Amino acid sequence: MATSTTTTGSDIFPFELVRPELERVEIAIREQVRGFDPAIEPYVAYICNTSGKRIRPALSILINGAAGGDPDDAVKLGVILELIHMATLVHDDIIDCASTRRMVATANAKWGNGLSVLLGDALFSHALTLATDFNSIDICRKVGNAAREVCQGEIIQTQRRFDLTFTKAEYFRVIGMKTGALFAAATGLAGKLSGLDEESETRLAGYGMKLGTAYQIYDDCLDLVGSEEVVGKTLRTDLVKGKLTLPILNLLETASEAQRMKLNKRILDQEPLDLPVLLGIAEYEGAIESAVDTALDLLAQSREDLAPLGRSAHSDALIQITRFLAGLLEKCRR
């Protein structure tokens with residue numbers, strides 16, 4: 001079975017072009033800790049000091065560089081979106097009962113669900129407060145809308161767990177909200193802050209949405225075929241918690257009647273859909289393959305949305321990000 005490796009900002013070579021700006025993002029995120037009450041600082045610091053991939057800030061900075069914008073705006077936008085993202089991860093871990101993320105204990109594993117919910121809320125509200133620094137109602141509205149979309153996507157996904165009527169169209173709508181919205185905000189708003197017109201902003205937001213959707217499909221495949229030791233977070237939670245991701249929806253669509261009935265019964269009875277059960281279904285491999293192909297198609301389409309930027313080192317790096325993700329997706333094939 002194929003496995004994938006954990007990726008950090010330094011592993012994704014297109015990010016090296018904006019390494020100085022990403023270091024500024026890291027410093028700025030750590031500085032945000034001091035914006036909280038001293039009694040809260042240690043908890044917030046724990047979350048903020050857990051280094052992530054910083055994909056959203058990198059996208060903002062690269063778009064900004066390609067469009068000739070002010071790097072300070074891109075760094076600030078990146079910090080805001082990363083704080084929102086971290087808040088969603090805190091809440092996701094609670095919902096999924098995840099105990100580790102990036103090789104360290106999750107907030108809920110350390111301090112319980114109650115405190116962790118409040119920490120996530122604090123990060124959300126702090127990020128929205130930072131957005132007012134742009135002194136633009138439109139920017140604040142769009143950041144707020146992106147945060148709302150993420151939350152709504154998580155709510156809908158939670159509502160529809162173990163729901164056999166959940167369709168692929170609904171799946172794409174949910175992940176567009178849950179993951180795509182922040183990617184789209186990173187790329188679209190970076191274009192807007194750089195002075196690009198509304199049409200260009202829309203196209204760049206489309207790049208982010210497609211990239212984010214493809215990234216979520218990769219994460220869904222990784223949950224099935226990855227190794228916890230390599231990936232660095234709790235896996236198989238999608239199966240245990242009844243999340244109907246694209247590979248599982250593909251499987252339900254293509255399995256034989258007997259196999260589908262077996263899967264449906266397990267889902268309805270909320271029995272674990274463990275890997276041995278799935279591996280016993282002949283169409284399982286094809287379900288992963290089809291999901292990977294769908295994500296690769298989205299990545300190909302996303303590259304077309306970069307047309308407003310023209311050619312530059314920064315726009316080339318944005319293209320290379322899609323090719324890097326494509327390579328990770330290929331590793332999910334058996």
# chains A, B, ... in the order shown; residues from 1 in each chain; ligands from 1
call {"tool": "residues_around", "arguments": {"residues": "A:Val33", "least_positions_apart": "4", "cutoff": "12 Å", "atoms": "only C-alpha atoms", "output": "NGL selection string"}}
result
:A and (26-29 or 37-49 or 83 or 119 or 122-123 or 126-127)
call {"tool": "select_by_dssp", "arguments": {"residues": "stretch 134-240 of chain A", "states": "alpha helix (DSSP H)", "output": "ChimeraX atom specification"}}
result
/A:137-159,168-175,181-193,198-225,228-231,237-240
call {"tool": "write_last_selection", "arguments": {"atoms": "C-alpha atoms", "output": "compact mmCIF listing (two decimals), in the first residue's frame"}}
result
# COMPACT_ATOMS: atom_id res chain seq x y z
CA ILE A 137 -15.17 46.80 4.92
CA ASP A 138 -14.94 44.63 1.80
CA ILE A 139 -11.81 42.82 3.00
CA CYS A 140 -13.33 42.29 6.45
CA ARG A 141 -16.53 41.00 4.89
CA LYS A 142 -14.70 38.53 2.67
CA VAL A 143 -12.51 37.26 5.49
CA GLY A 144 -15.60 36.87 7.65
CA ASN A 145 -17.45 35.08 4.85
CA ALA A 146 -14.55 32.65 4.41
CA ALA A 147 -14.53 31.89 8.15
CA ARG A 148 -18.29 31.35 8.08
CA GLU A 149 -18.01 29.02 5.09
CA VAL A 150 -15.43 26.88 6.88
CA CYS A 151 -17.69 26.55 9.92
CA GLN A 152 -20.77 25.82 7.84
CA GLY A 153 -18.92 23.16 5.89
CA GLU A 154 -17.87 21.44 9.10
CA ILE A 155 -21.42 21.59 10.47
CA ILE A 156 -22.92 20.08 7.32
CA GLN A 157 -20.29 17.35 7.21
CA THR A 158 -20.99 16.53 10.84
CA GLN A 159 -24.74 16.47 10.20
CA LYS A 168 -20.83 13.51 -4.60
CA ALA A 169 -22.28 16.93 -5.43
CA GLU A 170 -22.86 17.52 -1.74
CA TYR A 171 -19.37 16.26 -0.93
CA PHE A 172 -17.82 18.81 -3.31
CA ARG A 173 -20.00 21.56 -1.87
CA VAL A 174 -18.90 20.70 1.67
CA ILE A 175 -15.18 20.54 0.96
CA ALA A 181 -12.92 28.74 1.06
CA LEU A 182 -9.70 29.66 2.88
CA PHE A 183 -7.54 28.77 -0.13
CA ALA A 184 -9.79 30.94 -2.31
CA ALA A 185 -9.60 33.79 0.21
CA ALA A 186 -5.81 33.54 0.27
CA THR A 187 -5.47 33.80 -3.51
CA GLY A 188 -8.41 36.05 -4.36
CA LEU A 189 -7.87 38.60 -1.59
CA ALA A 190 -4.13 38.69 -2.27
CA GLY A 191 -5.00 39.69 -5.83
CA LYS A 192 -7.44 42.32 -4.61
CA LEU A 193 -4.94 43.78 -2.15
CA GLU A 198 -12.56 42.12 -9.90
CA GLU A 199 -12.40 39.66 -12.78
CA SER A 200 -8.78 38.81 -11.98
CA GLU A 201 -9.63 38.46 -8.29
CA THR A 202 -12.41 36.01 -9.19
CA ARG A 203 -10.12 33.92 -11.37
CA LEU A 204 -7.40 33.80 -8.74
CA ALA A 205 -9.98 32.81 -6.13
CA GLY A 206 -10.94 30.01 -8.53
CA TYR A 207 -7.33 28.83 -8.54
CA GLY A 208 -7.39 28.68 -4.77
CA MET A 209 -10.74 26.92 -4.64
CA LYS A 210 -9.67 24.20 -7.06
CA LEU A 211 -6.29 23.78 -5.36
CA GLY A 212 -7.95 23.56 -1.95
CA THR A 213 -10.50 21.04 -3.19
CA ALA A 214 -7.76 18.88 -4.70
CA TYR A 215 -5.80 19.14 -1.45
CA GLN A 216 -8.81 17.93 0.55
CA ILE A 217 -9.27 14.98 -1.80
CA TYR A 218 -5.61 14.15 -1.22
CA ASP A 219 -6.16 14.35 2.55
CA ASP A 220 -9.21 12.08 2.24
CA CYS A 221 -7.21 9.52 0.28
CA LEU A 222 -4.34 9.80 2.75
CA ASP A 223 -6.70 8.97 5.60
CA LEU A 224 -7.24 5.59 3.91
CA VAL A 225 -3.77 4.72 2.63
CA GLU A 228 0.28 7.52 11.07
CA GLU A 229 4.00 7.19 11.80
CA VAL A 230 4.84 8.92 8.54
CA VAL A 231 1.98 11.41 8.27
CA THR A 237 -10.94 8.81 11.68
CA ASP A 238 -13.00 9.41 8.54
CA LEU A 239 -14.02 5.75 8.45
CA VAL A 240 -14.68 5.44 12.16
call {"tool": "select_by_dssp", "arguments": {"residues": "stretch 79-243 of chain A", "states": "strand (DSSP E or B)", "output": "PyMOL selection string"}}
result
chain A and resi 100-101+104-105+233
call {"tool": "atom_distance", "arguments": {"atom1": "atom CA of A:Ile288", "atom2": "atom CA of A:Pro247"}}
result
5.3 Å
call {"tool": "residues_around", "arguments": {"residues": "A:Pro14", "least_positions_apart": "6", "cutoff": "12 Å", "atoms": "only C-alpha atoms", "output": "JSON, numbers by chain"}}
result
{"A": [8, 55, 58, 59, 61, 62, 313, 314, 315, 316, 317, 318, 319, 320, 321, 322, 323, 324, 325]}
call {"tool": "residues_around", "arguments": {"residues": "stretch 86-90 of chain A", "least_positions_apart": "2", "cutoff": "7 Å", "atoms": "only C-alpha atoms", "output": "ChimeraX atom specification"}}
result
/A:82-84,92-94,107,116,120-121,123-124
call {"tool": "residues_around", "arguments": {"residues": "A:Gly68", "least_positions_apart": "4", "cutoff": "9 Å", "atoms": "only C-alpha atoms", "output": "list in words"}}
result
Ile63, Asn64, Ser194 and Gly195 of chain A
call {"tool": "write_last_selection", "arguments": {"atoms": "C-alpha atoms", "output": "PDB file, in the first residue's frame"}}
result
ATOM      1  CA  ILE A  63       0.024  35.868  -5.608  1.00  0.00           C
ATOM      2  CA  ASN A  64       1.125  39.183  -4.157  1.00  0.00           C
ATOM      3  CA  SER A 194      -2.407  43.939  -4.986  1.00  0.00           C
ATOM      4  CA  GLY A 195      -4.721  46.162  -7.018  1.00  0.00           C
TER       5      GLY A 195
END
call {"tool": "decode", "arguments": {"residues": "stretch 308-328 of chain A", "atoms": "N, CA and C atoms", "output": "mmCIF file, in the first residue's frame"}}
result
data_model
loop_
_atom_site.group_PDB
_atom_site.id
_atom_site.type_symbol
_atom_site.label_atom_id
_atom_site.label_comp_id
_atom_site.auth_asym_id
_atom_site.auth_seq_id
_atom_site.Cartn_x
_atom_site.Cartn_y
_atom_site.Cartn_z
ATOM 1 N N PRO A 308 -4.310 35.752 -15.341
ATOM 2 C CA PRO A 308 -4.184 37.198 -15.087
ATOM 3 C C PRO A 308 -2.819 37.624 -14.559
ATOM 4 N N LEU A 309 -2.038 36.703 -14.062
ATOM 5 C CA LEU A 309 -0.758 37.058 -13.462
ATOM 6 C C LEU A 309 0.386 37.154 -14.462
ATOM 7 N N GLY A 310 0.219 36.579 -15.642
ATOM 8 C CA GLY A 310 1.335 36.537 -16.576
ATOM 9 C C GLY A 310 2.419 35.588 -16.094
ATOM 10 N N ARG A 311 3.602 35.689 -16.698
ATOM 11 C CA ARG A 311 4.704 34.799 -16.345
ATOM 12 C C ARG A 311 5.701 35.519 -15.468
ATOM 13 N N SER A 312 6.083 34.874 -14.385
ATOM 14 C CA SER A 312 7.105 35.382 -13.476
ATOM 15 C C SER A 312 7.555 34.229 -12.605
ATOM 16 N N ALA A 313 8.577 34.459 -11.819
ATOM 17 C CA ALA A 313 9.040 33.407 -10.907
ATOM 18 C C ALA A 313 7.939 33.046 -9.922
ATOM 19 N N HIS A 314 7.177 34.043 -9.487
ATOM 20 C CA HIS A 314 6.117 33.794 -8.518
ATOM 21 C C HIS A 314 4.960 33.003 -9.134
ATOM 22 N N SER A 315 4.568 33.350 -10.342
ATOM 23 C CA SER A 315 3.476 32.605 -10.973
ATOM 24 C C SER A 315 3.928 31.195 -11.345
ATOM 25 N N ASP A 316 5.196 31.060 -11.727
ATOM 26 C CA ASP A 316 5.719 29.718 -12.001
ATOM 27 C C ASP A 316 5.689 28.859 -10.734
ATOM 28 N N ALA A 317 5.973 29.479 -9.587
ATOM 29 C CA ALA A 317 5.932 28.744 -8.327
ATOM 30 C C ALA A 317 4.511 28.287 -8.015
ATOM 31 N N LEU A 318 3.527 29.113 -8.337
ATOM 32 C CA LEU A 318 2.125 28.732 -8.132
ATOM 33 C C LEU A 318 1.757 27.525 -8.987
ATOM 34 N N ILE A 319 2.308 27.470 -10.178
ATOM 35 C CA ILE A 319 2.094 26.302 -11.036
ATOM 36 C C ILE A 319 2.796 25.085 -10.446
ATOM 37 N N GLN A 320 4.007 25.293 -9.962
ATOM 38 C CA GLN A 320 4.769 24.180 -9.400
ATOM 39 C C GLN A 320 4.094 23.583 -8.165
ATOM 40 N N ILE A 321 3.373 24.409 -7.412
ATOM 41 C CA ILE A 321 2.633 23.889 -6.253
ATOM 42 C C ILE A 321 1.616 22.860 -6.707
ATOM 43 N N THR A 322 0.936 23.142 -7.811
ATOM 44 C CA THR A 322 -0.059 22.185 -8.313
ATOM 45 C C THR A 322 0.616 20.900 -8.757
ATOM 46 N N ARG A 323 1.803 21.008 -9.307
ATOM 47 C CA ARG A 323 2.506 19.805 -9.761
ATOM 48 C C ARG A 323 3.062 19.017 -8.570
ATOM 49 N N PHE A 324 3.464 19.718 -7.523
ATOM 50 C CA PHE A 324 3.929 19.040 -6.311
ATOM 51 C C PHE A 324 2.791 18.237 -5.691
ATOM 52 N N LEU A 325 1.614 18.864 -5.595
ATOM 53 C CA LEU A 325 0.456 18.166 -5.036
ATOM 54 C C LEU A 325 0.069 16.989 -5.916
ATOM 55 N N ALA A 326 0.187 17.161 -7.217
ATOM 56 C CA ALA A 326 -0.100 16.060 -8.131
ATOM 57 C C ALA A 326 0.811 14.863 -7.841
ATOM 58 N N GLY A 327 2.067 15.145 -7.532
ATOM 59 C CA GLY A 327 3.002 14.080 -7.195
ATOM 60 C C GLY A 327 2.609 13.370 -5.908
ATOM 61 N N LEU A 328 2.135 14.110 -4.917
ATOM 62 C CA LEU A 328 1.667 13.483 -3.669
ATOM 63 C C LEU A 328 0.438 12.623 -3.924
#
